[in-house]
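Shown next: input_24.txt, containing compact mmCIF, C-alpha atoms.
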```txt
# COMPACT_ATOMS: atom_id res chain seq x y z
CA MET A 1 106.71 -73.04 16.85
CA ARG A 2 109.99 -71.17 16.83
CA ILE A 3 110.74 -67.49 17.24
CA HIS A 4 113.44 -65.78 15.24
CA VAL A 5 114.99 -62.75 16.92
CA GLU A 6 116.41 -60.07 14.66
CA TYR A 7 119.00 -58.75 17.11
CA ASP A 8 120.09 -55.96 14.77
CA ARG A 9 116.59 -54.56 14.89
CA CYS A 10 116.10 -54.87 18.65
CA GLU A 11 116.16 -51.50 20.42
CA GLY A 12 115.77 -52.89 23.90
CA HIS A 13 112.23 -51.66 24.55
CA GLY A 14 111.52 -54.80 26.54
CA LEU A 15 107.79 -55.10 25.84
CA CYS A 16 108.38 -58.74 24.84
CA ALA A 17 109.70 -59.48 28.32
CA GLU A 18 106.52 -58.03 29.81
CA GLN A 19 104.41 -60.31 27.61
CA ALA A 20 106.53 -63.45 27.95
CA PRO A 21 108.95 -63.14 30.88
CA GLN A 22 109.95 -66.80 30.66
CA LEU A 23 111.07 -66.40 27.05
CA PHE A 24 112.65 -62.95 27.05
CA SER A 25 114.70 -60.96 29.51
CA LEU A 26 116.76 -57.79 29.32
CA ASP A 27 119.66 -56.68 31.44
CA ASP A 28 120.22 -53.16 32.76
CA ALA A 29 121.80 -52.13 29.48
CA ALA A 30 118.63 -53.32 27.68
CA GLU A 31 120.46 -56.20 25.99
CA LEU A 32 117.96 -58.90 25.10
CA THR A 33 118.31 -62.57 25.92
CA TYR A 34 115.94 -65.01 24.24
CA HIS A 35 115.75 -68.16 26.33
CA ALA A 36 114.48 -70.54 23.65
CA GLU A 37 117.17 -69.74 21.07
CA GLY A 38 117.61 -72.68 18.71
CA SER A 39 114.75 -74.72 20.13
CA ASP A 40 110.97 -74.94 19.94
CA VAL A 41 108.90 -72.68 22.15
CA PRO A 42 107.38 -74.86 24.89
CA ALA A 43 103.67 -75.53 24.31
CA ASP A 44 102.60 -73.66 27.43
CA GLN A 45 104.54 -70.57 26.31
CA GLN A 46 103.34 -70.30 22.72
CA ALA A 47 100.43 -67.93 23.35
CA ARG A 48 102.69 -65.63 25.35
CA GLY A 49 105.36 -65.90 22.67
CA ARG A 50 102.90 -64.78 19.99
CA ALA A 51 101.76 -61.90 22.20
CA ALA A 52 105.43 -60.92 22.55
CA ILE A 53 105.87 -60.96 18.77
CA ALA A 54 102.85 -58.69 18.37
CA SER A 55 104.01 -56.34 21.10
CA CYS A 56 107.44 -55.64 19.59
CA PRO A 57 107.35 -52.07 18.30
CA VAL A 58 110.24 -52.59 15.91
CA ALA A 59 109.16 -55.94 14.45
CA ALA A 60 112.32 -57.67 15.64
CA LEU A 61 110.49 -60.93 16.44
CA ARG A 62 109.07 -63.37 13.93
CA GLU A 63 107.40 -66.76 14.15
CA THR A 64 109.29 -69.09 11.85
CA SER A 65 107.49 -72.41 12.02
CA MET B 1 76.25 -59.28 27.83
CA THR B 2 75.90 -62.77 26.49
CA ARG B 3 78.86 -64.33 24.80
CA PRO B 4 78.98 -63.23 21.16
CA ARG B 5 78.61 -65.81 18.40
CA THR B 6 80.18 -63.65 15.74
CA VAL B 7 82.89 -61.02 16.20
CA VAL B 8 83.92 -58.50 13.57
CA ILE B 9 87.04 -56.33 13.86
CA VAL B 10 87.32 -53.40 11.48
CA GLY B 11 90.86 -52.17 10.96
CA GLU B 12 94.12 -54.04 10.32
CA SER B 13 95.79 -52.10 13.10
CA ILE B 14 97.82 -53.07 16.15
CA ALA B 15 94.69 -52.44 18.25
CA GLY B 16 92.64 -54.71 16.00
CA LEU B 17 95.23 -57.48 15.79
CA THR B 18 95.93 -57.37 19.53
CA ALA B 19 92.19 -57.72 20.18
CA ALA B 20 91.97 -60.71 17.83
CA ARG B 21 94.86 -62.40 19.61
CA GLU B 22 93.38 -61.64 23.03
CA LEU B 23 89.94 -62.95 22.00
CA ARG B 24 91.48 -66.30 21.06
CA ALA B 25 93.66 -66.33 24.19
CA ARG B 26 90.53 -65.78 26.26
CA GLY B 27 88.85 -68.79 24.71
CA TYR B 28 86.66 -67.28 22.01
CA ASP B 29 86.59 -69.90 19.25
CA GLY B 30 83.75 -68.57 17.11
CA PRO B 31 83.92 -66.76 13.75
CA LEU B 32 86.31 -63.83 13.82
CA THR B 33 86.31 -61.51 10.83
CA MET B 34 89.06 -58.95 10.32
CA MET B 35 88.48 -56.33 7.66
CA GLY B 36 90.72 -53.59 6.40
CA ARG B 37 91.96 -51.80 3.33
CA GLU B 38 95.58 -53.01 3.59
CA PRO B 39 96.32 -55.65 0.95
CA GLU B 40 99.05 -57.10 3.23
CA GLY B 41 96.89 -57.34 6.33
CA ALA B 42 98.21 -56.03 9.65
CA TYR B 43 101.85 -54.97 9.80
CA ALA B 44 104.15 -53.20 12.25
CA ARG B 45 103.88 -49.48 11.65
CA PRO B 46 106.51 -47.90 13.94
CA PRO B 47 109.38 -48.82 11.56
CA LEU B 48 107.64 -46.99 8.69
CA SER B 49 108.91 -43.59 9.81
CA LYS B 50 112.37 -44.92 10.59
CA GLU B 51 114.17 -47.80 8.82
CA VAL B 52 111.63 -48.18 6.01
CA LEU B 53 112.36 -44.63 4.82
CA ARG B 54 116.03 -45.55 4.52
CA SER B 55 116.00 -48.92 2.85
CA ALA B 56 113.66 -51.30 1.06
CA VAL B 57 115.24 -54.20 2.95
CA ALA B 58 113.59 -52.92 6.14
CA GLU B 59 110.18 -53.87 4.70
CA THR B 60 110.85 -57.54 5.29
CA GLY B 61 109.26 -59.06 8.36
CA LEU B 62 106.81 -56.23 9.00
CA VAL B 63 103.66 -58.24 8.29
CA TYR B 64 102.32 -60.05 11.34
CA ALA B 65 101.85 -63.80 11.10
CA CYS B 66 98.37 -64.63 12.32
CA ALA B 67 97.48 -67.98 10.72
CA ASP B 68 97.06 -69.44 14.21
CA LEU B 69 94.15 -67.07 14.88
CA HIS B 70 91.93 -68.53 12.12
CA LEU B 71 90.71 -65.13 11.00
CA GLN B 72 88.33 -64.55 8.14
CA HIS B 73 90.10 -61.76 6.30
CA VAL B 74 88.14 -59.27 4.26
CA ARG B 75 90.63 -57.18 2.29
CA SER B 76 88.31 -54.30 1.67
CA PRO B 77 87.57 -51.24 3.79
CA ALA B 78 84.33 -50.98 5.73
CA VAL B 79 82.10 -48.26 4.28
CA THR B 80 78.84 -48.51 6.27
CA LEU B 81 77.76 -49.51 9.75
CA ASP B 82 74.12 -50.36 10.48
CA THR B 83 73.84 -50.34 14.26
CA SER B 84 70.25 -51.62 14.37
CA ALA B 85 70.69 -54.50 11.92
CA ARG B 86 74.20 -55.02 13.37
CA THR B 87 75.99 -55.33 10.06
CA VAL B 88 79.10 -53.85 8.48
CA THR B 89 79.26 -53.38 4.71
CA THR B 90 82.56 -53.21 2.85
CA GLU B 91 83.54 -51.31 -0.26
CA SER B 92 83.52 -54.62 -2.10
CA GLY B 93 79.84 -55.08 -1.19
CA GLN B 94 80.23 -57.76 1.45
CA VAL B 95 77.77 -57.54 4.37
CA ALA B 96 79.14 -58.90 7.63
CA PRO B 97 76.77 -59.43 10.59
CA TYR B 98 78.14 -59.14 14.12
CA ASP B 99 77.18 -59.78 17.71
CA ALA B 100 80.17 -57.76 18.86
CA LEU B 101 82.03 -55.20 16.74
CA LEU B 102 85.41 -53.62 17.38
CA VAL B 103 86.18 -50.41 15.55
CA ALA B 104 89.97 -50.17 15.23
CA THR B 105 90.26 -48.14 12.04
CA GLY B 106 93.01 -45.94 13.38
CA ALA B 107 93.60 -42.48 12.03
CA THR B 108 94.40 -40.81 8.73
CA ALA B 109 96.88 -38.04 8.12
CA ARG B 110 95.71 -34.46 8.35
CA ARG B 111 96.41 -32.90 4.98
CA LEU B 112 97.19 -29.34 3.97
CA ALA B 113 96.68 -29.52 0.19
CA ALA B 114 94.08 -27.24 -1.32
CA PRO B 115 91.29 -28.92 -3.32
CA GLY B 116 92.78 -30.17 -6.59
CA GLN B 117 96.37 -29.68 -5.43
CA ARG B 118 98.39 -32.82 -6.22
CA GLY B 119 101.54 -34.33 -4.83
CA GLU B 120 101.11 -33.97 -1.06
CA LEU B 121 103.05 -36.65 0.81
CA VAL B 122 101.91 -37.96 4.19
CA LEU B 123 102.98 -40.97 6.26
CA ARG B 124 100.53 -43.45 7.78
CA THR B 125 100.84 -46.63 5.72
CA LEU B 126 103.48 -48.86 4.16
CA ALA B 127 102.49 -47.49 0.75
CA ASP B 128 103.04 -43.95 2.05
CA ALA B 129 106.49 -44.87 3.39
CA ARG B 130 107.49 -46.49 0.09
CA ALA B 131 106.39 -43.45 -1.85
CA ILE B 132 108.45 -41.11 0.34
CA ARG B 133 111.50 -43.39 0.23
CA VAL B 134 111.45 -43.58 -3.55
CA ARG B 135 111.12 -39.82 -3.82
CA MET B 136 114.06 -39.41 -1.43
CA ASP B 137 116.16 -41.56 -3.78
CA HIS B 138 116.15 -38.68 -6.24
CA ALA B 139 115.96 -35.68 -3.92
CA ALA B 140 118.54 -33.31 -2.45
CA SER B 141 116.25 -31.32 -0.17
CA VAL B 142 113.15 -31.95 1.89
CA ILE B 143 110.78 -29.78 3.88
CA VAL B 144 108.87 -31.47 6.69
CA VAL B 145 105.77 -29.65 7.86
CA GLY B 146 105.31 -30.43 11.55
CA ALA B 147 107.92 -30.87 14.30
CA GLY B 148 106.06 -33.50 16.28
CA PHE B 149 107.56 -36.94 16.71
CA LEU B 150 106.50 -38.15 13.25
CA GLY B 151 107.91 -35.04 11.57
CA MET B 152 111.17 -35.30 13.48
CA GLU B 153 111.49 -39.00 12.62
CA VAL B 154 110.99 -38.27 8.93
CA ALA B 155 113.54 -35.45 9.23
CA SER B 156 115.96 -37.89 10.90
CA ALA B 157 115.64 -40.44 8.10
CA ALA B 158 116.13 -37.72 5.47
CA ALA B 159 119.20 -36.34 7.26
CA ALA B 160 120.65 -39.84 7.54
CA ARG B 161 120.27 -40.11 3.78
CA GLY B 162 122.22 -36.91 3.28
CA LEU B 163 119.36 -34.63 2.29
CA ASP B 164 119.13 -30.97 3.28
CA VAL B 165 116.31 -30.91 5.83
CA THR B 166 114.07 -28.08 6.98
CA VAL B 167 111.34 -28.69 9.56
CA ILE B 168 108.60 -26.08 9.88
CA ASP B 169 106.21 -25.70 12.81
CA THR B 170 104.59 -23.06 14.99
CA ASP B 171 106.31 -24.68 17.98
CA PRO B 172 109.86 -25.94 18.60
CA PRO B 173 110.50 -29.69 18.10
CA LEU B 174 108.27 -31.94 20.22
CA ARG B 175 107.42 -29.04 22.53
CA ARG B 176 103.72 -29.91 22.77
CA LEU B 177 104.44 -33.48 23.86
CA LEU B 178 107.74 -33.36 25.76
CA GLY B 179 107.75 -29.80 27.08
CA SER B 180 110.28 -26.98 26.85
CA TYR B 181 113.20 -28.69 28.60
CA LEU B 182 113.54 -31.65 26.25
CA SER B 183 112.42 -29.58 23.28
CA ASP B 184 115.28 -27.13 23.80
CA ARG B 185 117.78 -29.98 23.91
CA LEU B 186 116.32 -31.59 20.80
CA ALA B 187 116.43 -28.28 18.95
CA ALA B 188 120.12 -27.94 19.83
CA HIS B 189 120.73 -31.54 18.79
CA ALA B 190 119.00 -30.93 15.45
CA ALA B 191 120.99 -27.76 14.84
CA ALA B 192 124.25 -29.59 15.57
CA ARG B 193 123.27 -32.20 13.01
CA GLY B 194 122.55 -29.57 10.37
CA VAL B 195 118.75 -29.90 10.45
CA LEU B 196 117.08 -26.51 10.24
CA THR B 197 114.03 -26.11 12.48
CA LEU B 198 112.01 -23.09 11.44
CA ARG B 199 109.37 -21.55 13.68
CA VAL B 200 106.50 -19.78 11.97
CA PRO B 201 103.81 -17.60 13.57
CA GLY B 202 100.86 -19.31 11.89
CA ALA B 203 99.60 -21.91 9.47
CA VAL B 204 101.57 -22.71 6.33
CA GLY B 205 100.27 -23.80 2.95
CA LEU B 206 101.61 -26.05 0.24
CA ALA B 207 102.98 -24.31 -2.86
CA GLY B 208 102.73 -25.47 -6.46
CA ASN B 209 100.72 -28.08 -8.28
CA PRO B 210 102.17 -30.63 -7.96
CA VAL B 211 103.53 -29.52 -4.62
CA HIS B 212 107.11 -28.20 -4.76
CA GLY B 213 107.36 -26.12 -1.61
CA VAL B 214 105.71 -24.45 1.35
CA THR B 215 104.17 -21.00 1.59
CA LEU B 216 104.92 -19.31 4.92
CA PRO B 217 102.49 -17.02 6.79
CA ASP B 218 104.33 -13.93 5.46
CA GLY B 219 103.72 -15.07 1.89
CA THR B 220 107.25 -16.20 1.05
CA THR B 221 107.71 -19.62 -0.47
CA LEU B 222 110.38 -22.15 0.40
CA ALA B 223 111.08 -24.70 -2.33
CA ALA B 224 112.25 -28.27 -1.88
CA ASP B 225 112.48 -31.43 -3.95
CA LEU B 226 110.17 -33.08 -1.47
CA VAL B 227 107.56 -31.85 0.99
CA VAL B 228 106.18 -34.20 3.64
CA THR B 229 103.19 -33.17 5.74
CA CYS B 230 103.35 -34.45 9.33
CA ALA B 231 100.64 -32.19 10.73
CA GLY B 232 98.75 -34.55 12.95
CA ASP B 233 96.14 -37.21 12.39
CA LEU B 234 92.39 -37.49 12.29
CA PRO B 235 90.35 -40.40 13.66
CA ALA B 236 89.13 -42.58 10.77
CA VAL B 237 85.41 -42.22 11.46
CA GLY B 238 84.22 -41.20 7.99
CA TRP B 239 82.69 -44.62 7.32
CA LEU B 240 80.55 -44.30 10.46
CA SER B 241 78.58 -41.29 9.21
CA GLY B 242 74.94 -41.55 10.16
CA THR B 243 75.75 -43.29 13.44
CA PRO B 244 76.36 -41.66 16.83
CA LEU B 245 79.98 -42.83 16.56
CA ALA B 246 81.02 -40.44 13.78
CA ASP B 247 82.64 -37.94 16.13
CA PRO B 248 85.49 -36.10 14.37
CA ALA B 249 87.28 -35.86 17.75
CA GLY B 250 87.34 -39.65 18.04
CA ILE B 251 84.92 -42.33 19.20
CA ALA B 252 84.26 -41.86 22.91
CA ILE B 253 84.99 -45.00 24.92
CA ASP B 254 84.80 -45.79 28.62
CA GLU B 255 87.36 -47.65 30.70
CA ARG B 256 86.09 -50.94 29.22
CA CYS B 257 86.43 -49.68 25.61
CA ARG B 258 82.65 -49.59 25.23
CA THR B 259 81.09 -46.96 22.98
CA THR B 260 77.65 -45.43 23.43
CA VAL B 261 76.26 -47.95 20.91
CA PRO B 262 75.39 -51.42 22.23
CA ALA B 263 77.70 -54.22 21.05
CA VAL B 264 80.12 -51.75 19.49
CA PHE B 265 83.58 -51.27 21.02
CA ALA B 266 86.50 -49.13 19.90
CA ALA B 267 90.27 -49.17 20.48
CA GLY B 268 93.41 -47.41 19.33
CA ASP B 269 93.94 -44.21 17.40
CA VAL B 270 90.27 -43.96 16.39
CA ALA B 271 89.15 -43.81 20.02
CA ARG B 272 88.97 -41.07 22.63
CA LEU B 273 88.92 -42.05 26.29
CA SER B 274 86.27 -40.55 28.51
CA PRO B 275 87.75 -38.30 31.23
CA SER B 276 87.24 -40.95 33.91
CA ALA B 277 89.01 -43.61 31.82
CA GLY B 278 92.41 -41.95 31.62
CA CYS B 279 94.66 -39.71 29.57
CA GLY B 280 92.77 -36.66 30.81
CA GLY B 281 89.90 -37.54 28.54
CA GLY B 282 91.29 -37.21 25.07
CA ARG B 283 92.92 -39.07 22.23
CA ALA B 284 96.37 -40.41 22.97
CA PRO B 285 97.25 -41.99 19.64
CA PHE B 286 100.31 -44.00 20.69
CA TRP B 287 101.29 -47.62 20.18
CA SER B 288 101.16 -48.78 23.80
CA HIS B 289 97.70 -47.34 24.37
CA ALA B 290 96.44 -49.11 21.25
CA VAL B 291 97.83 -52.44 22.49
CA ALA B 292 96.28 -51.95 25.94
CA GLN B 293 92.92 -51.01 24.47
CA GLY B 294 92.93 -53.99 22.12
CA LYS B 295 93.26 -56.27 25.13
CA VAL B 296 90.61 -54.52 27.21
CA ALA B 297 88.18 -54.44 24.28
CA ALA B 298 88.59 -58.18 23.73
CA ALA B 299 87.69 -58.94 27.33
CA SER B 300 84.74 -56.57 27.18
CA MET B 301 83.42 -58.12 23.97
CA LEU B 302 83.36 -61.47 25.74
CA GLY B 303 81.71 -59.99 28.83
CA GLN B 304 84.77 -60.95 30.89
CA GLU B 305 86.37 -59.06 33.71
CA CYS B 306 89.78 -57.62 32.94
CA PRO B 307 92.15 -56.06 35.43
CA LEU B 308 93.93 -54.07 32.73
CA ARG B 309 93.46 -50.39 32.14
CA PRO B 310 92.83 -48.97 28.65
CA THR B 311 96.02 -46.96 28.92
CA ASP B 312 99.69 -47.88 28.98
CA ASP B 313 101.94 -44.89 29.33
CA TYR B 314 104.96 -45.89 27.30
CA PHE B 315 106.15 -43.73 24.45
CA TRP B 316 109.34 -43.67 22.45
CA THR B 317 110.90 -41.95 19.50
CA GLU B 318 114.31 -41.59 17.93
CA ILE B 319 115.48 -38.19 16.78
CA LEU B 320 118.70 -37.94 14.77
CA GLY B 321 120.29 -40.94 16.45
CA LEU B 322 119.05 -40.03 19.92
CA SER B 323 116.55 -42.45 21.44
CA ILE B 324 113.95 -41.14 23.85
CA LYS B 325 111.86 -43.51 25.94
CA VAL B 326 109.16 -42.31 28.26
CA ALA B 327 107.26 -44.18 30.98
CA GLY B 328 104.46 -42.22 32.58
CA PRO B 329 101.92 -39.66 31.45
CA LEU B 330 102.50 -37.02 28.78
CA PRO B 331 102.69 -34.13 28.09
CA LEU B 332 105.60 -32.89 30.16
CA THR B 333 106.06 -29.29 31.26
CA GLY B 334 109.07 -27.36 32.45
CA ASP B 335 112.25 -28.76 33.94
CA PRO B 336 112.66 -32.27 35.36
CA THR B 337 112.48 -32.62 39.12
CA SER B 338 115.63 -34.74 39.10
CA ALA B 339 118.19 -36.00 36.64
CA GLU B 340 121.06 -38.40 36.46
CA GLY B 341 123.72 -38.59 33.77
CA ASP B 342 124.69 -36.05 31.14
CA ILE B 343 121.81 -34.70 29.07
CA HIS B 344 124.13 -32.74 26.79
CA ALA B 345 126.01 -35.91 25.94
CA GLY B 346 122.72 -37.66 25.23
CA ASP B 347 123.05 -40.05 28.15
CA ALA B 348 120.65 -39.30 30.99
CA ILE B 349 117.62 -40.43 32.94
CA LEU B 350 115.23 -37.69 33.96
CA ARG B 351 112.15 -37.70 36.09
CA TRP B 352 109.19 -35.42 36.38
CA ASP B 353 107.48 -35.90 39.75
CA ARG B 354 103.98 -34.54 40.14
CA PRO B 355 102.78 -33.59 43.65
CA ASP B 356 99.43 -35.33 43.29
CA GLY B 357 99.94 -37.70 40.42
CA PRO B 358 102.10 -40.27 38.73
CA THR B 359 105.75 -39.72 37.89
CA THR B 360 107.09 -39.65 34.35
CA VAL B 361 110.56 -41.02 33.68
CA VAL B 362 112.53 -40.35 30.51
CA ALA B 363 115.55 -42.24 29.24
CA PHE B 364 117.32 -39.69 27.04
CA GLY B 365 119.78 -41.36 24.71
CA ARG B 366 120.29 -44.22 27.12
CA LYS B 367 119.10 -47.77 26.54
CA VAL B 368 116.83 -48.73 29.41
CA PRO B 369 114.20 -51.45 29.12
CA VAL B 370 110.61 -50.40 29.71
CA GLY B 371 110.27 -52.61 32.77
CA ARG B 372 113.10 -50.74 34.47
CA LEU B 373 111.69 -47.34 33.48
CA ARG B 374 108.28 -48.28 34.80
CA ALA B 375 109.82 -49.48 38.04
CA ILE B 376 111.62 -46.18 38.52
CA ALA B 377 108.38 -44.30 37.83
CA ARG B 378 106.32 -46.55 40.09
CA THR B 379 108.50 -46.91 43.13
CA GLY B 380 109.89 -43.41 43.31
CA ASP B 381 113.36 -44.90 43.54
CA PRO B 382 116.14 -42.41 43.27
CA ILE B 383 117.68 -42.65 39.85
CA THR B 384 120.67 -44.86 40.24
CA LYS B 385 121.89 -47.78 38.26
CA GLU B 386 120.93 -51.10 39.76
CA LYS B 387 123.84 -53.03 41.15
CA SER B 388 124.42 -56.12 39.13
```
Any chance you could give the structure as structure tokens?
Amino acid sequence: MRIHVEYDRCEGHGLCAEQAPQLFSLDDAAELTYHAEGSDVPADQQARGRAAIASCPVAALRETS
Amino acid sequence: MTRPRTVVIVGESIAGLTAARELRARGYDGPLTMMGREPEGAYARPPLSKEVLRSAVAETGLVYACADLHLQHVRSPAVTLDTSARTVTTESGQVAPYDALLVATGATARRLAAPGQRGELVLRTLADARAIRVRMDHAASVIVVGAGFLGMEVASAAAARGLDVTVIDTDPPLRRLLGSYLSDRLAAHAAARGVLTLRVPGAVGLAGNPVHGVTLPDGTTLAADLVVTCAGDLPAVGWLSGTPLADPAGIAIDERCRTTVPAVFAAGDVARLSPSAGCGGGRAPFWSHAVAQGKVAAASMLGQECPLRPTDDYFWTEILGLSIKVAGPLPLTGDPTSAEGDIHAGDAILRWDRPDGPTTVVAFGRKVPVGRLRAIARTGDPITKEKS
């Protein structure tokens, strides 16, 4: 599976980073970094990745494959 | 309880979908039925009162992908619950048996229209948001009834689209939720942006049929091309009539999201926490609580222990370009106990310390991730920017 991040939509809430801290992190200015950009989500992180998608209050995350 | 063989979730809500995901994550691999009235299934609702009112493009990507959960979808609303036979019947006539049932039907908008009065607009669903957006395409003025966060978000979208906006309420903007200090600043912010907030001494009515304005307590009528009612929400318990769960104040749940009926659990906007469970014993119909309760309910349905609480005090809104993020309990009262930054410039972090209770921290117009806000609230750190 892959996760597409719609950066224009992201408002820096950071709930994704609470669900999947190995996939998402935010700096002090609430700028998001997605750590699996351009690659598949590791198998052991997929459940957390899907929980992160569901937790995003602005629907900025999407599973693409 | 023994492990359920069949689980039914009623309500295509964030509480319901979160519970479904948590059930699978916790190893439940049995039949999992999800029923709801939405033809699209579960979708993200927070954008409905923001981007979706501005542009049709914002509708893309709202529907949650859930093929991995192997749900049996029933695209029809539940109309009857039989708690002794343990079945749910849908409008389409399907009868679904359950060993464990989660009620996550959310809430419906409180309406002001008189019987037979047509044309009242409310905002709870994607269809509602589309209807309002299309009407805004051809409108020059809008009246929003209700200056809570939903009303102020609708007002913000309308203002961004260049409409003349009037918001009517008995209280100033967001006063009931955020207290007088932030309310005063939001009122000033709205005034500076040309949004008129009108305080009235009592209930208003809708004028015309179809609706074309609002009748104030003194009998005068204000006309607008569009009237949107944002006057609160009511737990969607109508379909539970005849059961002990049909409480118009919300389904009472304990800290494990259990109801008073065996094998029936509830989560999200439809539920009301018992006083011992949190939130002072009332409904707290916010996103983060619904997510937390979906998780707790899933564990409870499986008879598993769960360290999580059925509350998660994170709330946010965006009013006329100003984002407000809150970690900690609401409502707020009075002035903050400390502040950093410039509130008048819309760039501040404020904290409300309570002598015998948790702290609430507010990021006012400043982008701060929730983890950082929670840390400030939890540790009692002075409000300073972390050194990087």
Exercise. For chain B, which residues have at least one atom within 9 Å of chain A, if we go by all atoms listed in the file? Write them as a ChimeraX atom specification, please.
Worked result: /B:14,17-18,21-22,25,43-47,61-66,287-288,291,316,325,366-372,385-386,388
Problem set entry | For Ala207 (chain B): contacts at 12 Å, all atoms listed in the file, fewer than 5 positions along chain excluded, given as a VMD selection string | chain B and resid 112 to 114 117 to 120 143 212 to 216 219 to 227
Given the selection you just returned, output its residues as a file containing C-alpha atoms, formatted as a CSV table (one decimal), in the frame of the given file.
```csv
chain,number,residue,atom,x,y,z
B,112,LEU,CA,97.2,-29.3,4.0
B,113,ALA,CA,96.7,-29.5,0.2
B,114,ALA,CA,94.1,-27.2,-1.3
B,117,GLN,CA,96.4,-29.7,-5.4
B,118,ARG,CA,98.4,-32.8,-6.2
B,119,GLY,CA,101.5,-34.3,-4.8
B,120,GLU,CA,101.1,-34.0,-1.1
B,143,ILE,CA,110.8,-29.8,3.9
B,212,HIS,CA,107.1,-28.2,-4.8
B,213,GLY,CA,107.4,-26.1,-1.6
B,214,VAL,CA,105.7,-24.4,1.4
B,215,THR,CA,104.2,-21.0,1.6
B,216,LEU,CA,104.9,-19.3,4.9
B,219,GLY,CA,103.7,-15.1,1.9
B,220,THR,CA,107.2,-16.2,1.0
B,221,THR,CA,107.7,-19.6,-0.5
B,222,LEU,CA,110.4,-22.2,0.4
B,223,ALA,CA,111.1,-24.7,-2.3
B,224,ALA,CA,112.2,-28.3,-1.9
B,225,ASP,CA,112.5,-31.4,-4.0
B,226,LEU,CA,110.2,-33.1,-1.5
B,227,VAL,CA,107.6,-31.8,1.0
```
For this session: Would you mind telling me which residue in B:Gly202, B:Asp68, B:Thr360, B:Ser49 lies nearest to Gln46 (chain A) when using all atoms listed in the file?
Result: B:Asp68
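The two atoms in question, CA of Asp169 (chain B) and CA of Gly151 (chain B), are spaced 9.6 Å apart.
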For this session: Using all atoms listed in the file, determine which residues lie at most 9 Å from Met1 (chain A), disregarding the query and same-chain residues fewer than 2 positions distant; provide the list as a ChimeraX atom specification.
Result: /A:3,39-43,46,63-65
Problem set entry | Polymer residues at most 12 Å from region 131-139 of chain B, only C-alpha atoms, same-chain spacing of 4 or more positions, as a ChimeraX atom specification | /B:48-59,119-127,143-144,154-155,157-165,212,224-229
Seminar exercise, completed: Separating CA of Arg110 (chain B) from CA of Leu206 (chain B), to the nearest tenth of an Å, is a gap of 13.1 Å
For this session: Pick out the closest residue to Gly281 (chain B) from this set: B:Met301, B:Ala190, B:Ala266, B:Ile253. Count only C-alpha atoms.
Result: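 Result for the nearest residue to Gly281 (chain B): B:Ile253.
Nearest-residue note for Val261 (chain B): choosing from B:Ser76, B:Ser92, B:Thr166, B:Thr83, the minimum distance belongs to B:Thr83, counting all atoms listed in the file.
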For this session: Quick one: pull the distance between CA of Gly334 (chain B) and CA of Pro173 (chain B), Å, one decimal.
Result: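 Straight-line distance from CA of Gly334 (chain B) to CA of Pro173 (chain B) works out to 14.6 Å.
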Exercise. Excluding same-chain residues fewer than 6 positions from Pro262 (chain B), what lies within 12 Å of it counting all atoms listed in the file, as an MDAnalysis selection string?
Worked result: chainID B and resid 1 82:86 98:102 243:245 253 300:301
Around (106.1, -26.4, 19.0) in the file's frame, which residues reach within 12 Å when counting all atoms listed in the file? Return as a short mmCIF file (atom, residue, chain, number, x, y, z; two decimals) with C-alpha atoms, keeping the file's coordinate frame?
```cif
data_model
loop_
_atom_site.label_atom_id
_atom_site.label_comp_id
_atom_site.auth_asym_id
_atom_site.auth_seq_id
_atom_site.Cartn_x
_atom_site.Cartn_y
_atom_site.Cartn_z
CA VAL B 145 105.77 -29.65 7.86
CA GLY B 146 105.31 -30.43 11.55
CA ALA B 147 107.92 -30.87 14.30
CA GLY B 148 106.06 -33.50 16.28
CA PHE B 149 107.56 -36.94 16.71
CA GLY B 151 107.91 -35.04 11.57
CA MET B 152 111.17 -35.30 13.48
CA VAL B 167 111.34 -28.69 9.56
CA ILE B 168 108.60 -26.08 9.88
CA ASP B 169 106.21 -25.70 12.81
CA THR B 170 104.59 -23.06 14.99
CA ASP B 171 106.31 -24.68 17.98
CA PRO B 172 109.86 -25.94 18.60
CA PRO B 173 110.50 -29.69 18.10
CA LEU B 174 108.27 -31.94 20.22
CA ARG B 175 107.42 -29.04 22.53
CA ARG B 176 103.72 -29.91 22.77
CA LEU B 177 104.44 -33.48 23.86
CA LEU B 178 107.74 -33.36 25.76
CA GLY B 179 107.75 -29.80 27.08
CA SER B 180 110.28 -26.98 26.85
CA LEU B 182 113.54 -31.65 26.25
CA SER B 183 112.42 -29.58 23.28
CA ASP B 184 115.28 -27.13 23.80
CA LEU B 186 116.32 -31.59 20.80
CA ALA B 187 116.43 -28.28 18.95
CA THR B 197 114.03 -26.11 12.48
CA LEU B 198 112.01 -23.09 11.44
CA ARG B 199 109.37 -21.55 13.68
CA VAL B 200 106.50 -19.78 11.97
CA PRO B 201 103.81 -17.60 13.57
CA GLY B 202 100.86 -19.31 11.89
CA ALA B 231 100.64 -32.19 10.73
#
```
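The smallest atom-to-atom distance between Lys295 (chain B) and any of B:Pro310, B:Gly250, B:Gly365, B:Gly36, using all atoms listed in the file, is found for B:Pro310.
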